[in-house]
>>> print(open('input-v3.cif').read())   # mmCIF, C-alpha atoms
data_my_file
loop_
_atom_site.label_atom_id
_atom_site.label_comp_id
_atom_site.auth_asym_id
_atom_site.auth_seq_id
_atom_site.Cartn_x
_atom_site.Cartn_y
_atom_site.Cartn_z
CA MET B 1 0.00 0.00 0.00
CA MET B 2 1.29 3.43 -0.95
CA ASP B 3 0.93 6.37 1.44
CA ARG B 4 -0.11 9.83 0.30
CA ARG B 5 3.46 11.19 0.18
CA ASP B 6 4.70 8.28 -1.98
CA PHE B 7 1.70 8.64 -4.27
CA LEU B 8 2.25 12.39 -4.75
CA THR B 9 5.99 11.93 -5.29
CA LYS B 10 5.50 9.19 -7.85
CA SER B 11 2.70 11.16 -9.53
CA ALA B 12 5.00 14.16 -9.92
CA ILE B 13 7.76 11.96 -11.34
CA ALA B 14 5.32 10.33 -13.74
CA ALA B 15 3.97 13.69 -14.91
CA ALA B 16 7.44 15.17 -15.35
CA THR B 17 8.91 12.22 -17.22
CA GLY B 18 5.86 10.80 -18.96
CA LEU B 19 6.54 7.43 -17.34
CA MET B 20 3.06 6.44 -16.25
CA SER B 21 4.31 2.94 -15.46
CA VAL B 22 5.87 4.37 -12.26
CA LEU B 23 2.40 4.32 -10.72
CA PRO B 24 0.98 0.88 -10.01
CA GLY B 25 -2.38 0.25 -11.64
CA MET B 26 -2.05 3.09 -14.18
CA GLN B 27 -1.97 2.17 -17.87
CA ARG B 28 0.46 3.52 -20.41
CA ASP B 29 -0.77 5.54 -23.35
CA ALA B 30 -3.04 3.34 -25.46
CA HIS B 31 -1.24 4.61 -28.57
CA ALA B 32 2.27 3.80 -27.31
CA GLN B 33 2.84 0.85 -29.67
CA ILE B 34 1.29 2.46 -32.77
CA PRO B 35 3.73 4.21 -35.13
CA ARG B 36 3.26 7.99 -35.20
CA ILE B 37 4.12 9.24 -38.66
CA LYS B 38 4.68 12.61 -40.28
CA MET B 39 3.15 13.33 -43.68
CA ARG B 40 6.59 14.09 -45.13
CA GLU B 41 7.69 10.51 -44.32
CA LEU B 42 5.23 9.10 -46.86
CA TYR B 43 6.90 10.38 -50.05
CA ASN B 44 10.29 10.52 -51.71
CA LYS B 45 11.41 13.75 -53.39
CA ASP B 46 9.94 12.54 -56.72
CA LEU B 47 6.54 12.00 -54.93
CA SER B 48 6.81 8.21 -55.16
CA PHE B 49 5.92 6.39 -51.96
CA SER B 50 8.80 6.12 -49.51
CA ASP B 51 10.12 2.83 -48.18
CA PHE B 52 8.69 3.93 -44.83
CA ALA B 53 5.20 4.28 -46.34
CA LYS B 54 5.45 0.92 -48.08
CA ALA B 55 6.62 -0.74 -44.85
CA HIS B 56 3.60 0.66 -42.96
CA GLU B 57 0.97 0.04 -45.65
CA GLU B 58 -2.14 -1.66 -44.24
CA GLN B 59 -0.87 -1.06 -40.68
CA THR B 60 -2.52 1.07 -38.02
CA ILE B 61 -0.79 4.42 -37.71
CA LEU B 62 -1.16 7.76 -35.92
CA VAL B 63 -0.76 11.07 -37.71
CA GLU B 64 -1.21 14.65 -36.49
CA GLY B 65 -2.63 17.56 -38.43
CA PHE B 66 -5.64 19.77 -38.97
CA MET B 67 -9.11 18.92 -40.28
CA ALA B 68 -9.84 20.92 -43.43
CA PRO B 69 -13.50 21.90 -43.72
CA PRO B 70 -15.39 18.85 -45.05
CA LEU B 71 -16.62 18.80 -48.64
CA LYS B 72 -20.19 18.05 -47.59
CA ALA B 73 -22.35 17.77 -44.48
CA GLU B 74 -22.80 14.40 -42.77
CA SER B 75 -19.70 12.94 -44.33
CA SER B 76 -17.37 10.20 -43.16
CA PHE B 77 -14.47 11.72 -45.11
CA PHE B 78 -12.20 14.70 -44.56
CA VAL B 79 -8.78 15.98 -45.53
CA LEU B 80 -6.03 16.16 -42.91
CA THR B 81 -3.61 19.00 -43.59
CA LYS B 82 -0.18 19.78 -42.26
CA ARG B 83 -1.17 23.41 -41.61
CA PRO B 84 -4.59 24.87 -40.80
CA LEU B 85 -6.60 25.66 -43.96
CA ALA B 86 -9.91 27.50 -43.98
CA VAL B 87 -10.97 25.81 -47.24
CA CYS B 88 -10.72 22.18 -48.31
CA PRO B 89 -7.96 21.34 -50.80
CA PHE B 90 -9.51 19.44 -53.69
CA CYS B 91 -7.42 17.73 -56.32
CA GLU B 92 -8.39 17.01 -59.93
CA THR B 93 -6.08 14.03 -60.43
CA ASP B 94 -3.64 11.96 -58.44
CA ALA B 95 -0.82 13.52 -60.49
CA GLU B 96 -1.56 16.83 -58.72
CA TRP B 97 -1.79 15.26 -55.25
CA PRO B 98 0.17 17.41 -52.76
CA ASP B 99 2.50 15.68 -50.31
CA ASP B 100 1.23 17.52 -47.24
CA ILE B 101 -2.39 16.32 -47.04
CA LEU B 102 -4.04 12.97 -46.31
CA ALA B 103 -7.52 11.73 -47.11
CA ILE B 104 -9.16 10.40 -43.97
CA TYR B 105 -12.10 7.96 -44.08
CA THR B 106 -13.74 7.60 -40.69
CA LYS B 107 -15.80 4.82 -39.16
CA ARG B 108 -18.69 7.22 -38.43
CA ILE B 109 -20.20 10.49 -39.62
CA LEU B 110 -17.84 13.35 -38.79
CA LYS B 111 -18.01 15.59 -35.82
CA VAL B 112 -16.32 18.63 -37.36
CA ILE B 113 -13.36 20.06 -35.46
CA PRO B 114 -12.48 23.73 -36.09
CA PHE B 115 -9.86 24.00 -38.85
CA ASN B 116 -7.29 25.56 -36.49
CA GLN B 117 -7.44 22.85 -33.78
CA LYS B 118 -4.74 20.17 -34.02
CA ILE B 119 -5.99 16.57 -34.05
CA VAL B 120 -4.45 13.12 -34.03
CA VAL B 121 -5.87 10.49 -36.38
CA LYS B 122 -5.62 6.74 -35.85
CA GLY B 123 -6.37 4.34 -38.69
CA ARG B 124 -5.06 1.98 -41.34
CA LEU B 125 -2.66 3.40 -43.95
CA ALA B 126 -3.75 2.72 -47.57
CA LEU B 127 -1.57 3.56 -50.59
CA GLY B 128 -2.39 3.87 -54.29
CA SER B 129 -4.80 5.91 -56.39
CA PHE B 130 -8.43 5.93 -55.30
CA LYS B 131 -11.38 8.03 -56.50
CA ASP B 132 -14.10 8.45 -53.90
CA PRO B 133 -17.39 7.43 -55.56
CA GLU B 134 -19.44 10.01 -53.62
CA THR B 135 -17.24 13.11 -53.80
CA GLY B 136 -14.99 12.44 -56.79
CA PHE B 137 -12.02 13.27 -54.54
CA VAL B 138 -8.87 11.56 -55.83
CA SER B 139 -6.21 10.49 -53.38
CA ARG B 140 -2.89 8.70 -53.56
CA VAL B 141 -2.71 7.93 -49.84
CA ARG B 142 -5.44 7.55 -47.22
CA VAL B 143 -6.10 6.59 -43.65
CA VAL B 144 -9.15 4.32 -43.48
CA ASN B 145 -11.33 3.06 -40.63
CA ALA B 146 -10.07 6.13 -38.85
CA SER B 147 -10.93 7.75 -35.56
CA TYR B 148 -9.64 11.10 -34.36
CA GLU B 149 -9.44 13.29 -31.30
CA ARG B 150 -8.22 16.75 -30.41
CA PHE B 151 -4.51 16.85 -29.72
#
>>> encode(input="input-v3.cif", output="structure tokens")
Amino acid sequence: MMDRRDFLTKSAIAAATGLMSVLPGMQRDAHAQIPRIKMRELYNKDLSFSDFAKAHEEQTILVEGFMAPPLKAESSFFVLTKRPLAVCPFCETDAEWPDDILAIYTKRILKVIPFNQKIVVKGRLALGSFKDPETGFVSRVRVVNASYERF
């Protein structure tokens, strides 16, 4: 049994170092074993997929960014951007696909997050050209079966 002083000391250590395992009965971050990627890690300079992207294809990943305003109401799709954008980037073809956005397909209808609030997305990385049948949005890389939360 831990007394109050020990608990407070270990709590302070855990908070300062991020080592939640110091406290008995407390769980580590649920995302600790999931790779956290950066959008720039997905492409080579010639915009081909990087070895890193290929190695993580079909795996669950985490990625941070900003939710661009959705293309339509009650959607299960949005664009994750590296920087906050007040309008949604929409691409004509996969040849024009920028390397600093990701298409995100969620499990449920979106709860829109303001475009300037950072979020973290968790889902399965999918590579290759895909044209969304509902929106016509063309993507080269996507995160599917995704969930997200404010950062």
>>> closest_residue(input="input-v3.cif", among="B:Lys122, B:Arg150, B:Lys38, B:Arg108", to="Ala53 of chain B", atoms="only C-alpha atoms")
B:Lys38
>>> residues_near_point(input="input-v3.cif", point="(-2.6, 8.7, -48.0)", cutoff="10 Å", atoms="all atoms listed in the file", output="PyMOL selection string")
chain B and resi 39+42-43+49+53+57+79-80+97+99-104+124-130+139-144
>>> resolve_selection(input="input-v3.cif", expression="the PyMOL selection byres ((chain B and resi 75) around 9)", output="list in words")
Pro70, Leu71, Lys72, Ala73, Glu74, Ser76, Phe77, Phe78, Thr106, Arg108, Ile109 and Leu110 of chain B
>>> write_last_selection(input="input-v3.cif", atoms="C-alpha atoms", output="PDB file, keeping the file's coordinate frame")
ATOM      1  CA  PRO B  70     -15.390  18.850 -45.050  1.00  0.00           C
ATOM      2  CA  LEU B  71     -16.620  18.800 -48.640  1.00  0.00           C
ATOM      3  CA  LYS B  72     -20.190  18.050 -47.590  1.00  0.00           C
ATOM      4  CA  ALA B  73     -22.350  17.770 -44.480  1.00  0.00           C
ATOM      5  CA  GLU B  74     -22.800  14.400 -42.770  1.00  0.00           C
ATOM      6  CA  SER B  76     -17.370  10.200 -43.160  1.00  0.00           C
ATOM      7  CA  PHE B  77     -14.470  11.720 -45.110  1.00  0.00           C
ATOM      8  CA  PHE B  78     -12.200  14.700 -44.560  1.00  0.00           C
ATOM      9  CA  THR B 106     -13.740   7.600 -40.690  1.00  0.00           C
ATOM     10  CA  ARG B 108     -18.690   7.220 -38.430  1.00  0.00           C
ATOM     11  CA  ILE B 109     -20.200  10.490 -39.620  1.00  0.00           C
ATOM     12  CA  LEU B 110     -17.840  13.350 -38.790  1.00  0.00           C
TER      13      LEU B 110
END
>>> residues_near_point(input="input-v3.cif", point="(-4.0, 16.8, -36.6)", cutoff="7 Å", atoms="only C-alpha atoms", output="ChimeraX atom specification")
/B:63-67,80,118-121,151
>>> atom_distance(input="input-v3.cif", atom1="atom CA of Phe52 of chain B", atom2="atom CA of Arg83 of chain B")
22.1 Å
>>> atom_distance(input="input-v3.cif", atom1="atom CA of Tyr148 of chain B", atom2="atom CA of Leu62 of chain B")
9.2 Å
>>> atom_distance(input="input-v3.cif", atom1="atom CA of Thr60 of chain B", atom2="atom CA of Ile113 of chain B")
22.0 Å
